[in-house]
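Source file: target-v6.txt; contents: compact mmCIF, C-alpha atoms.
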# COMPACT_ATOMS: atom_id res chain seq x y z
CA MET E 1 6.88 8.59 -29.50
CA GLY E 2 9.70 6.70 -29.92
CA THR E 3 12.07 3.92 -29.83
CA SER E 4 13.70 4.61 -26.49
CA ASN E 5 12.12 1.56 -24.87
CA ARG E 6 13.24 -1.09 -27.38
CA ASN E 7 16.09 -2.38 -25.25
CA ILE E 8 14.11 -2.47 -22.02
CA PRO E 9 13.33 -6.07 -21.03
CA GLU E 10 9.75 -6.96 -20.24
CA LEU E 11 10.07 -8.43 -16.76
CA PRO E 12 7.55 -11.15 -15.91
CA VAL E 13 5.91 -9.61 -12.85
CA PRO E 14 3.09 -11.92 -11.71
CA VAL E 15 -0.40 -10.56 -11.13
CA LEU E 16 -3.13 -11.24 -8.59
CA LYS E 17 -6.82 -11.19 -9.47
CA LEU E 18 -8.98 -8.74 -7.51
CA MET E 19 -12.63 -9.56 -6.87
CA VAL E 20 -14.61 -6.71 -8.45
CA PRO E 21 -18.19 -6.57 -9.74
CA ASN E 22 -18.58 -7.50 -13.42
CA GLY E 23 -15.31 -9.36 -13.72
CA ASN E 24 -11.75 -9.51 -12.45
CA LYS E 25 -9.09 -6.82 -12.23
CA SER E 26 -5.42 -7.81 -12.37
CA MET E 27 -2.92 -6.19 -9.98
CA PRO E 28 0.85 -6.65 -10.39
CA VAL E 29 2.07 -8.30 -7.19
CA ILE E 30 4.90 -5.82 -6.64
CA GLY E 31 4.41 -2.07 -6.65
CA LEU E 32 6.57 0.95 -5.95
CA GLY E 33 5.59 2.85 -2.81
CA THR E 34 5.99 6.64 -2.92
CA ALA E 35 5.63 7.62 0.76
CA SER E 36 8.75 9.51 1.80
CA TYR E 37 8.70 11.06 5.27
CA PRO E 38 8.31 13.94 6.01
CA PHE E 39 5.56 14.16 3.37
CA ALA E 40 6.30 16.86 0.78
CA TYR E 41 6.35 17.45 -2.95
CA ASN E 42 9.78 16.44 -4.26
CA GLU E 43 10.92 17.04 -7.81
CA ALA E 44 13.18 13.96 -7.62
CA THR E 45 10.19 11.63 -7.15
CA LYS E 46 9.28 11.86 -10.84
CA GLU E 47 12.67 10.53 -11.96
CA VAL E 48 12.48 7.73 -9.36
CA ILE E 49 9.16 6.60 -10.82
CA LEU E 50 10.51 6.77 -14.38
CA ASN E 51 13.45 4.59 -13.33
CA ALA E 52 10.98 2.11 -11.82
CA ILE E 53 8.96 2.00 -15.05
CA ARG E 54 12.19 1.33 -16.96
CA ALA E 55 12.98 -1.48 -14.50
CA GLY E 56 9.62 -3.14 -15.15
CA TYR E 57 7.35 -1.82 -12.39
CA ARG E 58 3.75 -1.22 -13.46
CA HIS E 59 2.05 -0.84 -10.05
CA PHE E 60 2.44 2.47 -8.18
CA ASP E 61 1.09 3.35 -4.75
CA THR E 62 0.39 6.91 -3.62
CA ALA E 63 -1.97 8.76 -1.27
CA ALA E 64 -3.38 12.24 -0.82
CA VAL E 65 -1.38 12.73 2.38
CA TYR E 66 1.95 11.66 0.79
CA ARG E 67 1.93 14.65 -1.61
CA THR E 68 3.34 12.46 -4.36
CA GLU E 69 0.24 12.24 -6.57
CA GLN E 70 1.41 15.15 -8.73
CA SER E 71 4.89 13.67 -9.20
CA LEU E 72 3.40 10.30 -10.14
CA GLY E 73 1.11 11.98 -12.65
CA GLU E 74 4.03 13.87 -14.19
CA ALA E 75 6.04 10.65 -14.43
CA ILE E 76 3.15 8.81 -16.15
CA SER E 77 2.80 11.62 -18.68
CA GLN E 78 6.54 11.60 -19.39
CA ALA E 79 6.64 7.79 -19.62
CA LEU E 80 3.97 7.96 -22.32
CA SER E 81 5.86 10.69 -24.18
CA LEU E 82 9.10 8.69 -24.04
CA GLY E 83 7.39 5.51 -25.20
CA LEU E 84 8.25 3.63 -22.00
CA ILE E 85 4.59 2.59 -21.90
CA LYS E 86 2.10 2.60 -24.75
CA SER E 87 -0.97 3.55 -22.72
CA ARG E 88 -2.07 4.42 -19.19
CA ASP E 89 -3.91 1.07 -19.12
CA GLU E 90 -0.55 -0.71 -18.68
CA LEU E 91 -0.27 0.76 -15.18
CA PHE E 92 -2.01 -0.05 -11.91
CA ILE E 93 -2.41 3.12 -9.83
CA THR E 94 -3.50 3.09 -6.18
CA SER E 95 -4.29 6.14 -4.07
CA LYS E 96 -5.92 6.63 -0.68
CA LEU E 97 -8.58 8.73 1.04
CA TRP E 98 -7.02 10.65 3.93
CA CYS E 99 -8.71 10.88 7.34
CA THR E 100 -9.80 14.53 6.95
CA ASP E 101 -11.84 13.40 3.92
CA ALA E 102 -13.27 10.28 5.61
CA HIS E 103 -16.73 11.90 5.74
CA PRO E 104 -19.52 11.01 3.30
CA ASP E 105 -19.71 14.49 1.77
CA ARG E 106 -15.94 14.67 1.16
CA VAL E 107 -15.17 11.35 -0.54
CA LEU E 108 -16.20 12.35 -4.07
CA PRO E 109 -14.42 15.74 -3.95
CA ALA E 110 -11.33 13.94 -2.57
CA ILE E 111 -11.12 11.39 -5.39
CA HIS E 112 -11.71 14.11 -7.99
CA ASN E 113 -8.83 16.07 -6.46
CA THR E 114 -6.61 12.97 -6.53
CA LEU E 115 -7.43 12.38 -10.21
CA LYS E 116 -6.70 16.05 -10.97
CA ASN E 117 -3.31 15.77 -9.21
CA LEU E 118 -2.50 12.62 -11.18
CA GLY E 119 -3.85 13.91 -14.49
CA LEU E 120 -5.84 10.67 -14.85
CA GLU E 121 -9.44 9.80 -15.64
CA TYR E 122 -9.58 6.85 -13.24
CA LEU E 123 -7.71 4.98 -10.50
CA ASP E 124 -7.24 1.23 -10.47
CA LEU E 125 -7.68 1.09 -6.68
CA TYR E 126 -8.90 3.63 -4.12
CA LEU E 127 -8.41 2.84 -0.44
CA ILE E 128 -9.67 4.23 2.85
CA HIS E 129 -6.27 5.03 4.39
CA LEU E 130 -7.15 4.30 8.05
CA PRO E 131 -10.25 3.25 10.02
CA VAL E 132 -10.53 6.67 11.68
CA GLY E 133 -11.50 10.20 10.76
CA LEU E 134 -10.08 13.65 11.40
CA LYS E 135 -12.00 16.90 11.55
CA ARG E 136 -12.54 18.40 8.10
CA ALA E 137 -9.57 20.45 6.91
CA GLU E 138 -8.45 21.93 3.62
CA SER E 139 -4.88 20.64 3.88
CA TYR E 140 -3.36 17.27 4.68
CA GLU E 141 -1.17 17.35 7.77
CA TYR E 142 0.78 14.52 9.38
CA PRO E 143 1.35 14.60 12.27
CA PHE E 144 -1.95 16.19 13.31
CA LYS E 145 -3.58 17.37 16.53
CA LYS E 146 -4.99 14.47 18.53
CA GLU E 147 -8.02 16.57 19.47
CA ASP E 148 -8.98 16.46 15.77
CA LEU E 149 -9.50 12.67 15.80
CA VAL E 150 -13.11 11.62 15.20
CA ALA E 151 -14.91 8.33 14.62
CA MET E 152 -15.55 7.29 11.04
CA ASP E 153 -19.02 6.17 9.97
CA PHE E 154 -17.87 3.09 8.05
CA LYS E 155 -21.26 2.44 6.44
CA SER E 156 -21.87 5.90 5.01
CA VAL E 157 -18.26 6.49 3.92
CA TRP E 158 -18.15 3.09 2.22
CA GLU E 159 -21.39 3.81 0.38
CA VAL E 160 -19.69 6.78 -1.29
CA MET E 161 -16.60 4.67 -2.01
CA GLU E 162 -18.96 2.28 -3.81
CA GLU E 163 -20.35 5.25 -5.72
CA CYS E 164 -16.80 6.15 -6.83
CA GLN E 165 -16.51 2.69 -8.37
CA LYS E 166 -19.95 2.81 -9.99
CA LEU E 167 -19.10 6.18 -11.55
CA GLY E 168 -15.91 4.74 -13.06
CA LEU E 169 -13.63 7.01 -11.04
CA THR E 170 -11.86 3.89 -9.75
CA LYS E 171 -11.87 0.31 -11.00
CA SER E 172 -11.81 -1.15 -7.48
CA ILE E 173 -12.07 -0.04 -3.85
CA GLY E 174 -10.56 -1.22 -0.61
CA VAL E 175 -9.22 -0.31 2.80
CA SER E 176 -5.94 -0.01 4.66
CA ASN E 177 -5.02 -0.78 8.28
CA PHE E 178 -8.32 -2.60 8.94
CA SER E 179 -8.43 -5.43 11.51
CA CYS E 180 -10.56 -8.58 11.08
CA LYS E 181 -13.24 -7.06 13.31
CA LYS E 182 -13.37 -3.79 11.38
CA LEU E 183 -13.59 -5.69 8.11
CA GLU E 184 -16.51 -7.67 9.51
CA ILE E 185 -18.29 -4.42 10.42
CA LEU E 186 -17.73 -3.08 6.91
CA LEU E 187 -18.75 -6.32 5.19
CA ALA E 188 -22.02 -6.45 7.15
CA THR E 189 -23.43 -3.52 5.14
CA ALA E 190 -21.21 -3.33 2.02
CA LYS E 191 -22.83 -3.91 -1.36
CA ILE E 192 -19.38 -4.06 -2.97
CA PRO E 193 -16.85 -5.78 -0.68
CA PRO E 194 -13.36 -4.32 -0.38
CA ALA E 195 -11.05 -5.83 -2.99
CA VAL E 196 -7.90 -5.11 -0.97
CA ASN E 197 -6.75 -4.53 2.61
CA GLN E 198 -3.33 -2.83 2.61
CA VAL E 199 -1.54 -3.51 5.89
CA GLU E 200 1.89 -3.71 7.47
CA MET E 201 3.37 -7.12 6.72
CA ASN E 202 6.92 -8.47 6.80
CA PRO E 203 8.80 -11.38 8.44
CA LEU E 204 8.64 -9.59 11.81
CA TRP E 205 4.87 -8.96 11.52
CA GLN E 206 3.43 -11.82 9.52
CA GLN E 207 -0.31 -11.14 9.94
CA LYS E 208 -1.31 -14.82 9.85
CA LYS E 209 -4.76 -14.33 11.41
CA LEU E 210 -5.62 -11.39 9.14
CA ARG E 211 -4.34 -13.18 6.04
CA GLU E 212 -6.48 -16.23 6.79
CA PHE E 213 -9.56 -14.06 7.40
CA CYS E 214 -9.07 -12.07 4.20
CA GLU E 215 -8.57 -15.23 2.17
CA THR E 216 -11.95 -16.57 3.32
CA LYS E 217 -13.58 -13.28 2.25
CA GLY E 218 -11.86 -12.98 -1.14
CA ILE E 219 -9.94 -9.88 -0.04
CA VAL E 220 -6.38 -9.51 -1.37
CA ILE E 221 -3.74 -8.37 1.12
CA THR E 222 -1.21 -5.77 -0.01
CA ALA E 223 1.81 -5.60 2.28
CA TYR E 224 3.27 -2.21 3.08
CA SER E 225 6.55 -1.80 5.00
CA PRO E 226 7.76 -5.20 3.70
CA LEU E 227 11.30 -4.05 4.63
CA GLY E 228 10.23 -2.38 7.89
CA ALA E 229 10.13 1.27 6.69
CA ASN E 230 12.99 2.28 8.97
CA GLY E 231 13.18 6.04 9.51
CA THR E 232 9.44 6.70 9.31
CA PRO E 233 6.90 7.13 12.14
CA TRP E 234 5.28 3.84 11.05
CA GLY E 235 8.52 1.90 10.68
CA THR E 236 11.09 -0.19 12.52
CA LYS E 237 14.79 -1.00 11.99
CA GLY E 238 14.18 -4.54 13.24
CA VAL E 239 13.54 -6.09 9.83
CA MET E 240 16.78 -4.98 8.20
CA GLU E 241 18.75 -5.90 11.35
CA CYS E 242 17.24 -9.38 11.75
CA GLU E 243 19.99 -12.00 12.10
CA VAL E 244 17.81 -14.84 10.76
CA LEU E 245 17.18 -12.91 7.55
CA LYS E 246 20.85 -11.92 7.27
CA GLN E 247 21.92 -15.58 7.49
CA ILE E 248 19.42 -16.68 4.83
CA ALA E 249 20.47 -13.82 2.54
CA ASP E 250 24.16 -14.71 2.88
CA ALA E 251 23.48 -18.39 2.18
CA LYS E 252 21.44 -17.60 -0.93
CA ARG E 253 23.70 -14.79 -2.15
CA LYS E 254 20.73 -12.45 -2.15
CA THR E 255 20.21 -9.17 -0.35
CA LEU E 256 18.31 -9.16 2.92
CA ALA E 257 15.66 -7.01 1.19
CA GLN E 258 15.22 -9.62 -1.54
CA VAL E 259 14.72 -12.35 1.06
CA CYS E 260 12.02 -10.26 2.79
CA LEU E 261 10.23 -9.47 -0.45
CA ARG E 262 10.42 -13.06 -1.67
CA TRP E 263 8.95 -14.29 1.63
CA VAL E 264 6.07 -11.81 1.36
CA TYR E 265 5.44 -12.83 -2.26
CA GLU E 266 5.40 -16.53 -1.32
CA GLN E 267 2.55 -15.84 1.13
CA GLY E 268 0.27 -15.19 -1.85
CA VAL E 269 -0.12 -11.47 -1.26
CA SER E 270 0.87 -8.33 -3.16
CA LEU E 271 3.34 -5.78 -1.84
CA VAL E 272 4.48 -2.19 -2.23
CA VAL E 273 8.11 -1.39 -1.52
CA LYS E 274 9.66 2.08 -1.41
CA SER E 275 13.14 2.85 -2.59
CA PHE E 276 14.46 5.98 -4.25
CA ASN E 277 17.76 4.27 -5.10
CA LYS E 278 17.99 3.19 -8.75
CA ASP E 279 20.01 0.01 -8.03
CA LYS E 280 17.73 -1.05 -5.18
CA ILE E 281 14.64 -0.46 -7.31
CA GLN E 282 16.09 -2.97 -9.80
CA GLU E 283 17.23 -5.33 -7.04
CA ASN E 284 13.82 -5.37 -5.34
CA ILE E 285 12.05 -6.61 -8.44
CA GLY E 286 14.51 -9.51 -8.81
CA ILE E 287 12.56 -11.95 -6.66
CA PHE E 288 10.65 -14.06 -9.16
CA ASP E 289 13.24 -16.54 -10.50
CA TRP E 290 14.22 -18.23 -7.21
CA GLU E 291 12.53 -19.43 -4.04
CA LEU E 292 13.05 -19.98 -0.33
CA SER E 293 13.57 -23.56 0.84
CA PRO E 294 11.11 -25.14 3.32
CA GLN E 295 13.84 -24.95 5.97
CA GLU E 296 14.34 -21.22 5.34
CA VAL E 297 10.61 -20.60 5.49
CA ASP E 298 10.45 -22.49 8.78
CA LYS E 299 13.21 -20.30 10.23
CA ILE E 300 11.32 -17.15 9.16
CA ASN E 301 8.10 -18.51 10.67
CA GLN E 302 9.84 -18.74 14.04
CA ILE E 303 10.96 -15.07 14.13
CA PRO E 304 9.43 -13.30 17.19
CA GLN E 305 6.56 -11.06 16.09
CA ASN E 306 6.39 -7.32 16.72
CA ARG E 307 4.15 -4.74 15.02
CA GLY E 308 6.18 -1.81 13.66
CA PHE E 309 3.18 0.53 13.38
CA PRO E 310 1.12 0.44 16.60
CA ALA E 311 -0.75 3.61 15.47
CA ILE E 312 0.10 5.59 18.60
CA ASP E 313 -0.68 8.85 16.77
CA PHE E 314 -4.29 7.71 16.41
CA ILE E 315 -4.79 6.88 20.10
CA ALA E 316 -6.27 9.58 22.35
CA ASP E 317 -8.25 9.69 25.59
CA GLU E 318 -10.92 11.81 23.91
CA GLY E 319 -10.69 10.10 20.53
CA PRO E 320 -12.53 7.11 19.03
CA TYR E 321 -9.68 4.73 20.04
CA LYS E 322 -8.32 5.03 23.57
CA SER E 323 -5.71 2.27 23.31
CA VAL E 324 -3.61 0.38 20.77
CA HIS E 325 -5.67 -2.69 21.68
CA GLU E 326 -8.87 -0.88 20.65
CA PHE E 327 -7.41 0.38 17.37
CA TRP E 328 -6.27 -3.07 16.27
CA ASP E 329 -9.01 -5.02 18.10
CA GLY E 330 -6.47 -7.09 19.99
CA GLU E 331 -4.49 -8.00 16.86
CA ILE E 332 -1.20 -6.83 18.39

Represent the supplied structure as structure tokens.
Amino acid sequence: MGTSNRNIPELPVPVLKLMVPNGNKSMPVIGLGTASYPFAYNEATKEVILNAIRAGYRHFDTAAVYRTEQSLGEAISQALSLGLIKSRDELFITSKLWCTDAHPDRVLPAIHNTLKNLGLEYLDLYLIHLPVGLKRAESYEYPFKKEDLVAMDFKSVWEVMEECQKLGLTKSIGVSNFSCKKLEILLATAKIPPAVNQVEMNPLWQQKKLREFCETKGIVITAYSPLGANGTPWGTKGVMECEVLKQIADAKRKTLAQVCLRWVYEQGVSLVVKSFNKDKIQENIGIFDWELSPQEVDKINQIPQNRGFPAIDFIADEGPYKSVHEFWDGEI
């Protein structure tokens, strides 16, 4: 087990404390996202993750529907063999329950399948991917048929999520893409509140109302698409083409991506950022030894707001949500 990691610097990545029963759980504030569209197993993903571990990343975000759980598991196993990490406990691993498994009888089989794919005994965080269900299916498809959309029973699905935590299959549980109203519905019956709400957040969609709500409830926000996720069905090119951000980046001699990620970090939230480029993976983690000035923050605060992921795929006349307004409860 060797000496191959001796020259790798330990980068000081800050952590956030998650509210979990019987103590706190620490989550590195920056994680590597692994969603690459179209979703498919890709042999190259393993090497990307190993490069990220070498660069100092310890937080990795996957999901059943991404089809990257297996690659992440292979990378973790190889990182241990190479001595890049001493134990699995050094990592923070998040995965997500897909909509076809958002039924009370399918949650436990789904997390067991995720753990099998990863080759792990437990997750650090398990999230409900979206506040909607799909008809039961044996494979994960995206896109899907709109006629397969069904309402999710938040109470009963969450009860089994709580069971996953009690059984030690995951250290903490949470949700993704939940509005304030949907969180209120969940919190009304939850015995264990969600530790995290993972949502789209970047300078063009700042989520001020949701952030304030989650802060009052002790729920940590994790920002996905902090760079806009251009080229995906849930993304926009607007972030990386924003003139305000370009001007700030030029003035600070930083990349536009670094300015975005630093702004997200300064909001007191965690974030997951996807890049399969070795140099950008290193660049993206270089946001902790400088800061934005009050004037720069003010300029970013004035950027016109526009949601990049309106969730059109989840809107259907016969489905549980008949409009974007309904899906996000007016938070658009």

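For the residues E:Pro203, E:Ile303, E:Ile85, E:Pro233, ranking by smallest atom-to-atom distance to Leu261 (chain E) using only C-alpha atoms places E:Pro203 first.
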
**Item:** Interatomic distance (Å, one decimal) between CA of Phe288 (chain E) and CA of Tyr37 (chain E)
**Value:** 29.0 Å

**Item:** Residues near Gly330 (chain E), cut-off 12 Å, all atoms listed in the file, skip fewer than 4 positions along chain, as a count of residues only
**Value:** 12

**Asked** If you count all atoms listed in the file, which residues fall within 8 Å of Val273 (chain E), apart from same-chain ones fewer than 3 positions away, as a PyMOL selection string?
**Response** chain E and resi 30-33+224-227+284

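With distances restricted to only C-alpha atoms, E:Leu149 is the closest residue to Ile315 (chain E) from E:Ala52, E:Leu130, E:Leu82, E:Leu149.
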
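Between Val29 (chain E) and the candidates E:Arg262, E:Lys274, E:Arg88, E:Arg253, the tightest atom-to-atom separation, counting all atoms listed in the file, involves E:Arg262.
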
**Item:** Contacts of region 16-21 of chain E within 10 Å, only C-alpha atoms, excl. fewer than 4 positions in-chain, as a VMD selection string
**Value:** chain E and resid 25 to 30 125 165 to 166 171 to 173 191 to 196 217 to 220 268 to 270

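Here CA of Asn117 (chain E) stands at a distance of 6.8 Å from CA of Gly73 (chain E).
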
Using all atoms listed in the file, which residues sit within 6 Å of Val175 (chain E) once same-chain residues fewer than 2 positions away are excluded, as a tab-separated table (two decimals) with C-alpha atoms, in the coordinates of the input?
chain	number	residue	atom	x	y	z
E	127	LEU	CA	-8.41	2.84	-0.44
E	128	ILE	CA	-9.67	4.23	2.85
E	197	ASN	CA	-6.75	-4.53	2.61

**Request:** Compile the contact shell of Asp89 (chain E) as a ChimeraX atom specification: residues with an atom at most 12 Å away, counting all atoms listed in the file, same-chain residues fewer than 3 positions apart removed.
**Result:** /E:25-27,58-59,76,80,85-86,92-93,120-124,171

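Distance-wise, CA of Ala223 (chain E) and CA of Met201 (chain E) end up 4.9 Å apart.
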
Region 110-117 of chain E, all listed atoms, 8 Å padding on each side: what axis-aligned box centre and edge lengths in Å to one decimal come out, as JSON?
{"center_x": -7.5, "center_y": 13.7, "center_z": -6.8, "size_x": 24.4, "size_y": 20.7, "size_z": 24.4}

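When all atoms listed in the file are used to measure the gap to Ile111 (chain E), the shortest distance among E:Gln247, E:Asn277, E:Thr94, E:Ser156 belongs to E:Thr94.
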
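Closest approach to Ala137 (chain E) among E:Asp101, E:Glu241, E:Asp298, E:Asp289 is made by E:Asp101 (distances from all atoms listed in the file).
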
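Checking E:Phe154, E:Ala64, E:Glu138, E:Glu147 one by one against His112 (chain E), counting only C-alpha atoms, you find the shortest gap at E:Ala64.
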